[in-house]
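*Asks:* Dropping in target_15.cif, with mmCIF, C-alpha atoms and all ligand atoms.
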data_coords
#
loop_
_atom_site.group_PDB
_atom_site.id
_atom_site.type_symbol
_atom_site.label_atom_id
_atom_site.label_comp_id
_atom_site.auth_asym_id
_atom_site.auth_seq_id
_atom_site.Cartn_x
_atom_site.Cartn_y
_atom_site.Cartn_z
ATOM 1 C CA VAL S 1 0.000 0.000 0.000
ATOM 2 C CA PRO S 2 1.616 3.249 -1.092
ATOM 3 C CA GLU S 3 2.529 5.645 1.688
ATOM 4 C CA LEU S 4 4.403 8.939 1.614
ATOM 5 C CA PRO S 5 7.746 7.554 0.319
ATOM 6 C CA GLU S 6 6.078 5.672 -2.509
ATOM 7 C CA VAL S 7 3.933 8.607 -3.618
ATOM 8 C CA GLU S 8 6.873 10.988 -3.302
ATOM 9 C CA THR S 9 9.008 8.637 -5.417
ATOM 10 C CA ILE S 10 6.383 8.808 -8.157
ATOM 11 C CA ARG S 11 6.161 12.589 -7.801
ATOM 12 C CA ARG S 12 9.911 13.023 -8.189
ATOM 13 C CA GLN S 13 9.906 10.858 -11.303
ATOM 14 C CA LEU S 14 6.925 12.576 -12.890
ATOM 15 C CA GLU S 15 7.717 16.209 -12.184
ATOM 16 C CA PRO S 16 10.598 16.652 -14.673
ATOM 17 C CA GLU S 17 8.761 14.599 -17.313
ATOM 18 C CA VAL S 18 5.279 16.096 -17.243
ATOM 19 C CA ALA S 19 5.536 19.624 -15.817
ATOM 20 C CA GLY S 20 4.921 22.048 -18.653
ATOM 21 C CA ARG S 21 3.046 19.443 -20.705
ATOM 22 C CA THR S 22 -0.571 19.927 -21.730
ATOM 23 C CA ILE S 23 -3.189 17.257 -21.145
ATOM 24 C CA VAL S 24 -4.710 16.827 -24.584
ATOM 25 C CA GLY S 25 -7.073 14.000 -23.716
ATOM 26 C CA VAL S 26 -8.556 12.296 -20.699
ATOM 27 C CA GLU S 27 -10.329 8.971 -20.608
ATOM 28 C CA VAL S 28 -11.829 7.619 -17.410
ATOM 29 C CA LEU S 29 -12.508 3.908 -17.909
ATOM 30 C CA ASP S 30 -13.968 3.224 -14.468
ATOM 31 C CA GLU S 31 -16.673 5.441 -12.982
ATOM 32 C CA ARG S 32 -15.551 4.429 -9.491
ATOM 33 C CA TRP S 33 -12.364 6.409 -10.017
ATOM 34 C CA THR S 34 -14.166 9.756 -9.843
ATOM 35 C CA ARG S 35 -17.199 9.017 -7.729
ATOM 36 C CA PRO S 36 -19.300 10.478 -6.258
ATOM 37 C CA LEU S 37 -18.871 12.710 -9.320
ATOM 38 C CA PRO S 38 -19.325 11.336 -12.841
ATOM 39 C CA PRO S 39 -16.190 10.789 -14.975
ATOM 40 C CA ALA S 40 -17.146 13.759 -17.137
ATOM 41 C CA ALA S 41 -16.663 16.098 -14.179
ATOM 42 C CA VAL S 42 -12.969 15.206 -14.082
ATOM 43 C CA GLU S 43 -12.539 14.815 -17.828
ATOM 44 C CA ASP S 44 -14.026 18.245 -18.565
ATOM 45 C CA ALA S 45 -12.090 19.993 -15.804
ATOM 46 C CA VAL S 46 -8.714 18.584 -16.771
ATOM 47 C CA ALA S 47 -8.690 18.204 -20.561
ATOM 48 C CA GLY S 48 -6.778 20.901 -22.393
ATOM 49 C CA ARG S 49 -4.987 22.149 -19.289
ATOM 50 C CA ARG S 50 -1.287 22.615 -18.822
ATOM 51 C CA ILE S 51 0.447 20.828 -15.943
ATOM 52 C CA GLU S 52 2.233 23.504 -13.953
ATOM 53 C CA ALA S 53 3.641 21.329 -11.190
ATOM 54 C CA VAL S 54 3.466 17.878 -9.655
ATOM 55 C CA GLU S 55 2.962 18.050 -5.918
ATOM 56 C CA ARG S 56 2.213 15.726 -3.027
ATOM 57 C CA ARG S 57 0.087 16.212 0.085
ATOM 58 C CA GLY S 58 0.092 13.277 2.475
ATOM 59 C CA LYS S 59 -0.507 10.270 0.237
ATOM 60 C CA TYR S 60 -2.177 12.355 -2.484
ATOM 61 C CA LEU S 61 -0.436 13.070 -5.739
ATOM 62 C CA VAL S 62 -1.545 16.434 -7.095
ATOM 63 C CA LEU S 63 -1.226 17.752 -10.625
ATOM 64 C CA ARG S 64 -1.386 21.538 -10.467
ATOM 65 C CA LEU S 65 -3.039 22.772 -13.629
ATOM 66 C CA ASP S 66 -3.516 26.156 -15.238
ATOM 67 C CA GLY S 67 -6.657 28.151 -14.522
ATOM 68 C CA GLY S 68 -6.332 27.401 -10.800
ATOM 69 C CA TRP S 69 -7.314 23.748 -11.197
ATOM 70 C CA ALA S 70 -5.757 20.706 -9.580
ATOM 71 C CA LEU S 71 -6.212 16.980 -10.118
ATOM 72 C CA ALA S 72 -5.727 15.137 -6.821
ATOM 73 C CA MET S 73 -5.206 11.388 -7.071
ATOM 74 C CA HIS S 74 -5.045 8.805 -4.287
ATOM 75 C CA LEU S 75 -3.598 5.349 -4.953
ATOM 76 C CA ARG S 76 -5.249 3.708 -1.916
ATOM 77 C CA MET S 77 -4.449 -0.018 -1.756
ATOM 78 C CA THR S 78 -3.351 -1.114 -5.201
ATOM 79 C CA GLY S 79 -3.267 1.988 -7.382
ATOM 80 C CA ASN S 80 -0.309 2.720 -9.621
ATOM 81 C CA LEU S 81 0.478 5.753 -11.704
ATOM 82 C CA LEU S 82 2.657 4.860 -14.660
ATOM 83 C CA LEU S 83 4.255 7.166 -17.197
ATOM 84 C CA ARG S 84 4.510 5.780 -20.663
ATOM 85 C CA GLY S 85 6.856 7.898 -22.727
ATOM 86 C CA PRO S 86 6.176 9.001 -26.293
ATOM 87 C CA GLU S 87 6.515 6.055 -28.669
ATOM 88 C CA GLY S 88 8.151 7.828 -31.507
ATOM 89 C CA GLY S 89 7.400 11.438 -31.960
ATOM 90 C CA PRO S 90 8.382 13.522 -34.942
ATOM 91 C CA GLU S 91 11.763 12.931 -36.510
ATOM 92 C CA GLY S 92 14.484 14.880 -34.895
ATOM 93 C CA HIS S 93 13.106 14.527 -31.393
ATOM 94 C CA VAL S 94 16.019 12.383 -30.382
ATOM 95 C CA ALA S 95 15.643 13.322 -26.759
ATOM 96 C CA ASP S 96 12.094 12.017 -26.792
ATOM 97 C CA LEU S 97 13.182 8.756 -28.366
ATOM 98 C CA MET S 98 15.832 8.244 -25.712
ATOM 99 C CA GLU S 99 13.260 8.945 -23.048
ATOM 100 C CA VAL S 100 11.304 5.940 -24.207
ATOM 101 C CA ASP S 101 14.177 3.628 -23.391
ATOM 102 C CA ARG S 102 15.076 5.310 -20.144
ATOM 103 C CA LEU S 103 11.529 5.015 -18.827
ATOM 104 C CA GLY S 104 11.174 1.435 -20.009
ATOM 105 C CA ALA S 105 7.957 2.314 -21.763
ATOM 106 C CA PRO S 106 7.795 -0.579 -24.254
ATOM 107 C CA ARG S 107 7.966 -3.034 -21.373
ATOM 108 C CA LEU S 108 4.987 -1.399 -19.715
ATOM 109 C CA TYR S 109 2.739 -2.229 -22.622
ATOM 110 C CA GLU S 110 4.151 -5.580 -23.622
ATOM 111 C CA SER S 111 4.256 -7.438 -20.372
ATOM 112 C CA SER S 112 2.455 -5.543 -17.686
ATOM 113 C CA ALA S 113 -0.599 -7.354 -16.431
ATOM 114 C CA GLN S 114 -1.410 -4.101 -14.677
ATOM 115 C CA LEU S 115 -2.858 -2.672 -17.856
ATOM 116 C CA ARG S 116 -5.764 -5.058 -17.452
ATOM 117 C CA HIS S 117 -6.586 -2.840 -14.496
ATOM 118 C CA LEU S 118 -6.343 0.463 -16.346
ATOM 119 C CA ARG S 119 -8.830 2.905 -14.774
ATOM 120 C CA ALA S 120 -7.879 6.212 -16.363
ATOM 121 C CA ARG S 121 -5.542 7.593 -18.984
ATOM 122 C CA LEU S 122 -4.237 11.119 -19.481
ATOM 123 C CA ASP S 123 -2.749 11.846 -22.913
ATOM 124 C CA LEU S 124 -0.050 14.503 -22.957
ATOM 125 C CA ASP S 125 0.921 16.755 -25.831
ATOM 126 C CA ASP S 126 4.262 15.032 -26.427
ATOM 127 C CA GLY S 127 2.593 11.681 -27.038
ATOM 128 C CA SER S 128 3.268 10.330 -23.568
ATOM 129 C CA GLU S 129 0.552 8.959 -21.322
ATOM 130 C CA LEU S 130 -0.149 8.876 -17.620
ATOM 131 C CA LEU S 131 -1.865 5.603 -16.773
ATOM 132 C CA PHE S 132 -3.732 4.989 -13.540
ATOM 133 C CA THR S 133 -4.032 1.253 -12.932
ATOM 134 C CA ASP S 134 -5.737 -0.275 -9.919
ATOM 135 C CA ALA S 135 -6.589 -3.932 -9.304
ATOM 136 C CA ARG S 136 -8.790 -3.380 -6.244
ATOM 137 C CA ARG S 137 -10.384 -0.138 -7.526
ATOM 138 C CA PHE S 138 -10.189 1.830 -4.270
ATOM 139 C CA GLY S 139 -8.021 4.532 -5.840
ATOM 140 C CA HIS S 140 -9.726 7.732 -6.809
ATOM 141 C CA ALA S 141 -9.352 11.185 -8.277
ATOM 142 C CA VAL S 142 -10.983 14.554 -7.794
ATOM 143 C CA ALA S 143 -10.691 17.793 -9.733
ATOM 144 C CA LEU S 144 -10.545 20.864 -7.515
ATOM 145 C CA ARG S 145 -10.338 24.557 -8.190
ATOM 146 C CA GLY S 146 -9.025 27.592 -6.328
ATOM 147 C CA PRO S 147 -9.794 27.651 -2.616
ATOM 148 C CA GLU S 148 -11.395 24.191 -2.871
ATOM 149 C CA ILE S 149 -7.900 22.739 -3.107
ATOM 150 C CA ASP S 150 -6.643 23.833 0.303
ATOM 151 C CA ALA S 151 -10.020 23.194 1.901
ATOM 152 C CA TYR S 152 -10.067 19.630 0.563
ATOM 153 C CA PHE S 153 -6.712 18.803 2.104
ATOM 154 C CA ALA S 154 -7.234 20.803 5.291
ATOM 155 C CA SER S 155 -10.235 18.664 6.185
ATOM 156 C CA ARG S 156 -8.384 15.406 5.539
ATOM 157 C CA LEU S 157 -4.717 15.892 6.296
ATOM 158 C CA GLY S 158 -2.597 17.114 9.184
ATOM 159 C CA LEU S 159 1.092 17.975 9.374
ATOM 160 C CA GLU S 160 3.518 17.047 6.612
ATOM 161 C CA PRO S 161 6.216 14.968 8.304
ATOM 162 C CA LEU S 162 9.055 16.006 6.000
ATOM 163 C CA GLY S 163 8.297 19.717 6.252
ATOM 164 C CA GLU S 164 9.415 22.115 8.915
ATOM 165 C CA GLU S 165 5.955 22.063 10.481
ATOM 166 C CA LEU S 166 6.521 18.718 12.187
ATOM 167 C CA THR S 167 8.471 19.690 15.276
ATOM 168 C CA ALA S 168 8.638 17.779 18.557
ATOM 169 C CA GLU S 169 6.478 20.518 20.085
ATOM 170 C CA ALA S 170 3.851 20.187 17.356
ATOM 171 C CA LEU S 171 3.860 16.423 17.760
ATOM 172 C CA CYS S 172 3.351 16.681 21.514
ATOM 173 C CA ARG S 173 0.591 19.221 20.940
ATOM 174 C CA ILE S 174 -1.459 17.032 18.605
ATOM 175 C CA ALA S 175 -0.880 13.969 20.815
ATOM 176 C CA ALA S 176 -1.890 15.701 24.039
ATOM 177 C CA GLY S 177 -4.887 14.098 25.708
ATOM 178 C CA ARG S 178 -5.127 11.317 23.105
ATOM 179 C CA THR S 179 -5.718 7.877 24.551
ATOM 180 C CA ALA S 180 -5.419 6.087 21.194
ATOM 181 C CA PRO S 181 -2.418 3.764 20.847
ATOM 182 C CA LEU S 182 0.604 5.352 19.182
ATOM 183 C CA LYS S 183 0.194 3.014 16.214
ATOM 184 C CA SER S 184 -3.338 4.266 15.551
ATOM 185 C CA PHE S 185 -2.285 7.849 16.235
ATOM 186 C CA LEU S 186 0.334 7.639 13.481
ATOM 187 C CA LEU S 187 -2.136 6.132 11.013
ATOM 188 C CA ASN S 188 -4.615 8.952 11.558
ATOM 189 C CA GLN S 189 -4.021 11.220 8.561
ATOM 190 C CA THR S 190 -5.544 14.265 10.258
ATOM 191 C CA GLY S 191 -2.695 14.324 12.789
ATOM 192 C CA ILE S 192 0.357 13.612 10.677
ATOM 193 C CA ALA S 193 -0.205 13.000 6.956
ATOM 194 C CA GLY S 194 1.366 10.309 4.813
ATOM 195 C CA ILE S 195 2.244 7.565 7.310
ATOM 196 C CA GLY S 196 0.680 4.133 6.831
ATOM 197 C CA ASN S 197 1.094 0.686 8.324
ATOM 198 C CA ILE S 198 4.690 0.122 7.223
ATOM 199 C CA TYR S 199 6.286 3.372 8.299
ATOM 200 C CA ALA S 200 4.285 3.608 11.523
ATOM 201 C CA ASP S 201 5.905 0.341 12.631
ATOM 202 C CA GLU S 202 9.339 1.398 11.457
ATOM 203 C CA ALA S 203 9.121 4.821 13.113
ATOM 204 C CA LEU S 204 7.939 3.439 16.456
ATOM 205 C CA PHE S 205 10.769 0.918 16.447
ATOM 206 C CA ARG S 206 13.337 3.602 15.679
ATOM 207 C CA ALA S 207 11.905 5.749 18.468
ATOM 208 C CA GLY S 208 11.936 2.839 20.928
ATOM 209 C CA LEU S 209 8.231 3.297 21.646
ATOM 210 C CA HIS S 210 5.718 0.475 22.078
ATOM 211 C CA PRO S 211 2.848 0.714 19.571
ATOM 212 C CA LEU S 212 0.227 0.317 22.289
ATOM 213 C CA SER S 213 1.457 3.289 24.319
ATOM 214 C CA PRO S 214 -1.282 5.913 24.576
ATOM 215 C CA ALA S 215 -0.326 8.794 22.282
ATOM 216 C CA GLY S 216 -0.991 11.348 25.009
ATOM 217 C CA SER S 217 1.490 9.614 27.323
ATOM 218 C CA MET S 218 4.496 10.949 25.416
ATOM 219 C CA ARG S 219 6.718 13.452 27.145
ATOM 220 C CA MET S 220 8.794 15.943 25.207
ATOM 221 C CA GLU S 221 11.759 13.575 24.970
ATOM 222 C CA HIS S 222 9.507 10.931 23.429
ATOM 223 C CA CYS S 223 8.088 13.434 20.954
ATOM 224 C CA GLU S 224 11.612 14.413 19.968
ATOM 225 C CA ALA S 225 12.594 10.778 19.473
ATOM 226 C CA LEU S 226 9.432 10.005 17.512
ATOM 227 C CA ARG S 227 9.757 13.029 15.263
ATOM 228 C CA GLU S 228 13.308 12.090 14.406
ATOM 229 C CA ALA S 229 12.292 8.440 13.908
ATOM 230 C CA ILE S 230 9.457 9.374 11.532
ATOM 231 C CA VAL S 231 11.758 11.530 9.421
ATOM 232 C CA ASP S 232 14.491 8.867 9.359
ATOM 233 C CA ALA S 233 12.096 6.052 8.462
ATOM 234 C CA LEU S 234 10.570 8.056 5.608
ATOM 235 C CA GLU S 235 13.881 9.356 4.270
ATOM 236 C CA VAL S 236 15.510 5.930 4.190
ATOM 237 C CA ALA S 237 12.470 4.640 2.325
ATOM 238 C CA LEU S 238 12.742 7.493 -0.165
ATOM 239 C CA LEU S 239 16.362 6.566 -0.828
ATOM 240 C CA MET S 240 15.219 3.007 -1.539
ATOM 241 C CA GLY S 241 12.477 4.110 -3.937
ATOM 242 C CA GLY S 242 9.750 3.005 -1.515
ATOM 243 C CA SER S 243 8.532 -0.464 -0.571
ATOM 244 C CA SER S 244 7.030 -3.036 -2.934
ATOM 245 C CA ILE S 245 5.551 -5.678 -0.670
ATOM 246 C CA ASP S 246 2.474 -5.946 -2.846
ATOM 247 C CA ASP S 247 1.328 -4.017 -5.911
ATOM 248 C CA TYR S 248 3.348 -0.855 -5.595
ATOM 249 C CA ARG S 249 5.378 0.139 -8.635
ATOM 250 C CA ASP S 250 6.955 3.498 -9.336
ATOM 251 C CA ALA S 251 6.075 5.709 -12.324
ATOM 252 C CA ARG S 252 8.431 3.603 -14.446
ATOM 253 C CA GLY S 253 6.756 0.348 -13.470
ATOM 254 C CA GLU S 254 9.660 -0.712 -11.248
ATOM 255 C CA ARG S 255 9.673 -2.034 -7.706
ATOM 256 C CA GLY S 256 11.063 -0.208 -4.694
ATOM 257 C CA THR S 257 13.598 -1.996 -2.484
ATOM 258 C CA MET S 258 12.726 -0.737 0.981
ATOM 259 C CA GLN S 259 11.015 -4.049 1.816
ATOM 260 C CA ASP S 260 14.508 -5.571 2.073
ATOM 261 C CA GLU S 261 15.501 -2.965 4.662
ATOM 262 C CA PHE S 262 12.604 -3.157 7.122
ATOM 263 C CA LEU S 263 13.767 -3.183 10.739
ATOM 264 C CA VAL S 264 10.612 -4.768 12.176
ATOM 265 C CA HIS S 265 7.727 -4.575 9.704
ATOM 266 C CA THR S 266 6.892 -8.130 8.430
ATOM 267 C CA ARG S 267 9.806 -9.485 10.535
ATOM 268 C CA GLU S 268 7.783 -11.543 13.016
ATOM 269 C CA GLY S 269 9.937 -14.254 14.606
ATOM 270 C CA GLU S 270 13.219 -12.671 13.543
ATOM 271 C CA ASP S 271 15.762 -11.220 15.965
ATOM 272 C CA CYS S 272 15.541 -7.527 16.782
ATOM 273 C CA PRO S 273 18.452 -5.747 15.082
ATOM 274 C CA ARG S 274 18.923 -3.619 18.193
ATOM 275 C CA CYS S 275 18.535 -5.915 21.214
ATOM 276 C CA GLY S 276 18.206 -9.428 19.820
ATOM 277 C CA GLN S 277 14.798 -10.260 21.264
ATOM 278 C CA VAL S 278 12.262 -11.867 18.977
ATOM 279 C CA ILE S 279 10.083 -9.456 16.990
ATOM 280 C CA ARG S 280 6.382 -9.930 17.598
ATOM 281 C CA ARG S 281 3.253 -9.284 15.596
ATOM 282 C CA ILE S 282 0.063 -8.026 17.191
ATOM 283 C CA VAL S 283 -3.090 -6.476 15.753
ATOM 284 C CA VAL S 284 -3.791 -2.844 16.627
ATOM 285 C CA GLY S 285 -6.937 -1.231 15.275
ATOM 286 C CA GLY S 286 -7.297 -4.084 12.818
ATOM 287 C CA ARG S 287 -3.789 -3.613 11.405
ATOM 288 C CA SER S 288 -0.856 -6.006 11.667
ATOM 289 C CA THR S 289 1.722 -4.365 13.878
ATOM 290 C CA TYR S 290 5.314 -5.492 14.318
ATOM 291 C CA PHE S 291 7.471 -4.469 17.248
ATOM 292 C CA CYS S 292 10.235 -5.580 19.586
ATOM 293 C CA PRO S 293 9.049 -6.278 23.160
ATOM 294 C CA GLY S 294 12.640 -5.898 24.342
ATOM 295 C CA CYS S 295 13.476 -2.350 23.371
ATOM 296 C CA GLN S 296 10.205 -0.560 22.609
ATOM 297 C CA THR S 297 9.027 1.023 25.839
ATOM 298 C CA ARG S 298 5.361 0.894 26.738
ATOM 299 C CA LEU S 299 4.518 4.266 28.210
ATOM 300 C CA ARG S 300 1.945 4.552 30.956
ATOM 301 C CA ARG S 301 -1.087 6.672 30.562
ATOM 302 C CA ARG S 302 -0.568 10.081 32.126
ATOM 303 C CA PRO S 303 -3.147 11.953 34.135
ATOM 304 C CA ARG S 304 -4.347 15.054 32.328
ATOM 305 C CA PRO S 305 -2.090 17.978 33.163
ATOM 306 C CA ARG S 306 -3.503 20.446 35.647
ATOM 307 C CA ALA S 307 -4.289 24.006 34.706
ATOM 308 C CA LYS S 308 -1.294 26.181 33.991
ATOM 309 C CA GLY S 309 0.284 27.620 37.106
ATOM 310 C CA ALA S 310 -0.911 24.794 39.321
ATOM 311 C CA ARG S 311 2.327 22.855 38.877
ATOM 312 C CA ARG S 312 5.740 23.593 40.400
HETATM 313 ZN ZN ZN E 401 14.737 -4.892 20.435
#
Hey, can you dump this file as structure tokens for me?
Ligand SMILES: [Zn+2]

*Replies:*
Amino acid sequence: VPELPEVETIRRQLEPEVAGRTIVGVEVLDERWTRPLPPAAVEDAVAGRRIEAVERRGKYLVLRLDGGWALAMHLRMTGNLLLRGPEGGPEGHVADLMEVDRLGAPRLYESSAQLRHLRARLDLDDGSELLFTDARRFGHAVALRGPEIDAYFASRLGLEPLGEELTAEALCRIAAGRTAPLKSFLLNQTGIAGIGNIYADEALFRAGLHPLSPAGSMRMEHCEALREAIVDALEVALLMGGSSIDDYRDARGERGTMQDEFLVHTREGEDCPRCGQVIRRIVVGGRSTYFCPGCQTRLRRRPRPRAKGARR
């Protein structure tokens, strides 16, 4: 399931290839992709527009378009966004021809079973195509305009973990008073955006915090450790091109390699790389959760702090 590092990997691949291109055609092949709106709502909003930038918010990939429009796409469980380069192009466009090889485009069409699951296609003015494939069909897209864009994300997403806004203080502030387990707290996109099941486990291990600790039990030193652990877990994953434990492929149709580097996630029964105890799997909020009982501290629930001035 794509999380921040996977979506950001796609963004970094797409931005130099598609920014500045115009979307000359849009075909939505699955009405579920745009619902509750009909496919025409997205097709009409996006067709003919120039892509100004490729951005990411949480796990959303966002094409910023001219006229104040944006196309926000979410890969959910099994979505992939593939870039197929121009097949030939006019003579003399040698750079375009080389791009085909570099992006591995012919392979995408010849052997990829994913194209059976093609849900939408954006045709670009250089002959390349953006293909949204999705086996389970939970992925979706929405066209937004002007102030709708910020409002859409503000109601769904909290702090960006790789921006300057995620400080230890901010983390402690959003965790204060929360009794939810840390694992669930990290999965809640309205607190911190972009973290899913994999990187929640990896971050909690790096921070030495037990996934069942109540989020509001963290003291400042724990918030500092967790903030650093989140950033480290995500940045290592970015270096590895994300994780491909199931359907995830990058914009070139290739797998990430982070799954080979997991410290605890999916490592049930293996030795902890830090203390040697056996890594366990439990279920938290319906999600498989991997942790080391030896070196991840279970914090106790704290009484609510008294009113300011009452302490010391
Ligand atoms: Zn350990």

*Asks:* For Leu263 of chain S, which residue out of S:Leu162, S:Met240, S:Ala203, S:Leu171 is the nearest one, using all atoms listed in the file?

*Replies:*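 Looking at the shortest contact to Leu263 of chain S, the residue is S:Ala203.
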
*Asks:* Dump the neighbourhood of ligand ZN 401 (chain E) as a ChimeraX atom specification: all residues within 7 Å, distances computed on all atoms listed in the file.

*Replies:* /S:272-277,292-296

*Asks:* Residues as selected, C-alpha atoms, written as an mmCIF file, in the coordinates of the input, can you do that?

*Replies:*
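In the end it all went to part19.cif:
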data_model
loop_
_atom_site.group_PDB
_atom_site.id
_atom_site.type_symbol
_atom_site.label_atom_id
_atom_site.label_comp_id
_atom_site.auth_asym_id
_atom_site.auth_seq_id
_atom_site.Cartn_x
_atom_site.Cartn_y
_atom_site.Cartn_z
ATOM 1 C CA CYS S 272 15.541 -7.527 16.782
ATOM 2 C CA PRO S 273 18.452 -5.747 15.082
ATOM 3 C CA ARG S 274 18.923 -3.619 18.193
ATOM 4 C CA CYS S 275 18.535 -5.915 21.214
ATOM 5 C CA GLY S 276 18.206 -9.428 19.820
ATOM 6 C CA GLN S 277 14.798 -10.260 21.264
ATOM 7 C CA CYS S 292 10.235 -5.580 19.586
ATOM 8 C CA PRO S 293 9.049 -6.278 23.160
ATOM 9 C CA GLY S 294 12.640 -5.898 24.342
ATOM 10 C CA CYS S 295 13.476 -2.350 23.371
ATOM 11 C CA GLN S 296 10.205 -0.560 22.609
#

*Asks:* For the file shown, what are the residues hit by the PyMOL selection byres (((chain S and resi 248) around 8) and not hetatm), laid out as a list in words?

*Replies:* Val1, Pro2, Glu6, Thr78, Gly79, Asn80, Ser243, Ser244, Ile245, Asp246, Asp247, Arg249, Asp250, Arg255 and Gly256 of chain S

*Asks:* Generate the output file for the selected residues, C-alpha atoms, as a PDB file, in the frame of the given file.

*Replies:*
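Wrote it out as out-v7.pdb, contents follow:
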ATOM      1  CA  VAL S   1       0.000   0.000   0.000  1.00  0.00           C
ATOM      2  CA  PRO S   2       1.616   3.249  -1.092  1.00  0.00           C
ATOM      3  CA  GLU S   6       6.078   5.672  -2.509  1.00  0.00           C
ATOM      4  CA  THR S  78      -3.351  -1.114  -5.201  1.00  0.00           C
ATOM      5  CA  GLY S  79      -3.267   1.988  -7.382  1.00  0.00           C
ATOM      6  CA  ASN S  80      -0.309   2.720  -9.621  1.00  0.00           C
ATOM      7  CA  SER S 243       8.532  -0.464  -0.571  1.00  0.00           C
ATOM      8  CA  SER S 244       7.030  -3.036  -2.934  1.00  0.00           C
ATOM      9  CA  ILE S 245       5.551  -5.678  -0.670  1.00  0.00           C
ATOM     10  CA  ASP S 246       2.474  -5.946  -2.846  1.00  0.00           C
ATOM     11  CA  ASP S 247       1.328  -4.017  -5.911  1.00  0.00           C
ATOM     12  CA  ARG S 249       5.378   0.139  -8.635  1.00  0.00           C
ATOM     13  CA  ASP S 250       6.955   3.498  -9.336  1.00  0.00           C
ATOM     14  CA  ARG S 255       9.673  -2.034  -7.706  1.00  0.00           C
ATOM     15  CA  GLY S 256      11.063  -0.208  -4.694  1.00  0.00           C
TER      16      GLY S 256
END

*Asks:* To one decimal place in Å, what is the distance between atom CA of Pro181 of chain S and atom CA of Pro5 of chain S?

*Replies:*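 These two atoms are separated by 23.2 Å.
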
*Asks:* Quick one: pull the distance between atom CA of Arg137 of chain S and atom CA of Gly194 of chain S, Å, one decimal.

*Replies:*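 A separation of 20.0 Å between them.
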
*Asks:* So, with all atoms listed in the file as the atoms that count, which of S:Glu160, S:Glu52, S:Glu3, S:Glu221 lies closest to Gly191 of chain S?

*Replies:* S:Glu160

*Asks:* If you apply the PyMOL selection byres (((chain S and resi 127) around 8) and not hetatm) to this file, what residues do you get, as number ranges by chain?

*Replies:* S: 85-87, 89, 123-126, 128-129

*Asks:* Evaluating the PyMOL selection byres (((chain S and resi 57-63) around 7) and not hetatm) on the displayed file yields which residues, as a compact mmCIF listing (two decimals) with C-alpha atoms, in the frame of the given file?

*Replies:*
# COMPACT_ATOMS: atom_id res chain seq x y z
CA GLU S 3 2.53 5.64 1.69
CA LEU S 4 4.40 8.94 1.61
CA VAL S 7 3.93 8.61 -3.62
CA ARG S 11 6.16 12.59 -7.80
CA ILE S 51 0.45 20.83 -15.94
CA ALA S 53 3.64 21.33 -11.19
CA VAL S 54 3.47 17.88 -9.65
CA GLU S 55 2.96 18.05 -5.92
CA ARG S 56 2.21 15.73 -3.03
CA ARG S 64 -1.39 21.54 -10.47
CA LEU S 65 -3.04 22.77 -13.63
CA ALA S 70 -5.76 20.71 -9.58
CA LEU S 71 -6.21 16.98 -10.12
CA ALA S 72 -5.73 15.14 -6.82
CA MET S 73 -5.21 11.39 -7.07
CA HIS S 74 -5.04 8.80 -4.29
CA LEU S 157 -4.72 15.89 6.30
CA GLU S 160 3.52 17.05 6.61
CA ALA S 193 -0.20 13.00 6.96
CA GLY S 194 1.37 10.31 4.81

*Asks:* Measure the distance from atom CA of Arg298 of chain S to atom CA of Thr167 of chain S in Å and round it to one decimal.

*Replies:*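 Separation of atom CA of Arg298 of chain S and atom CA of Thr167 of chain S: 22.2 Å.
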
*Asks:* Report, as JSON, the centre and edge lengths in Å (one decimal) of the axis-aligned box enclosing every listed atom of segment 202-215 of chain S, padded by 5 Å on each side.

*Replies:*
{"center_x": 6.0, "center_y": 4.6, "center_z": 18.0, "size_x": 24.6, "size_y": 18.5, "size_z": 23.1}

*Asks:* Closest to Arg280 of chain S among S:Gly68, S:Asp201, S:Met258, S:Leu239, using only C-alpha atoms?

*Replies:*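 Result for the nearest residue to Arg280 of chain S: S:Asp201.
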
*Asks:* Taking (-10.3, 11.7, -18.8) as a centre in this file's frame and 7 Å as the limit, can you find every polymer residue with an atom that close, using only C-alpha atoms, and give them as a short mmCIF file (atom, residue, chain, number, x, y, z; two decimals) with C-alpha atoms, in the frame of the given file?

*Replies:*
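Contents of result_38.cif, as written:
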data_model
loop_
_atom_site.label_atom_id
_atom_site.label_comp_id
_atom_site.auth_asym_id
_atom_site.auth_seq_id
_atom_site.Cartn_x
_atom_site.Cartn_y
_atom_site.Cartn_z
CA GLY S 25 -7.07 14.00 -23.72
CA VAL S 26 -8.56 12.30 -20.70
CA GLU S 27 -10.33 8.97 -20.61
CA VAL S 28 -11.83 7.62 -17.41
CA VAL S 42 -12.97 15.21 -14.08
CA GLU S 43 -12.54 14.82 -17.83
CA ALA S 47 -8.69 18.20 -20.56
CA ALA S 120 -7.88 6.21 -16.36
CA ARG S 121 -5.54 7.59 -18.98
CA LEU S 122 -4.24 11.12 -19.48
#
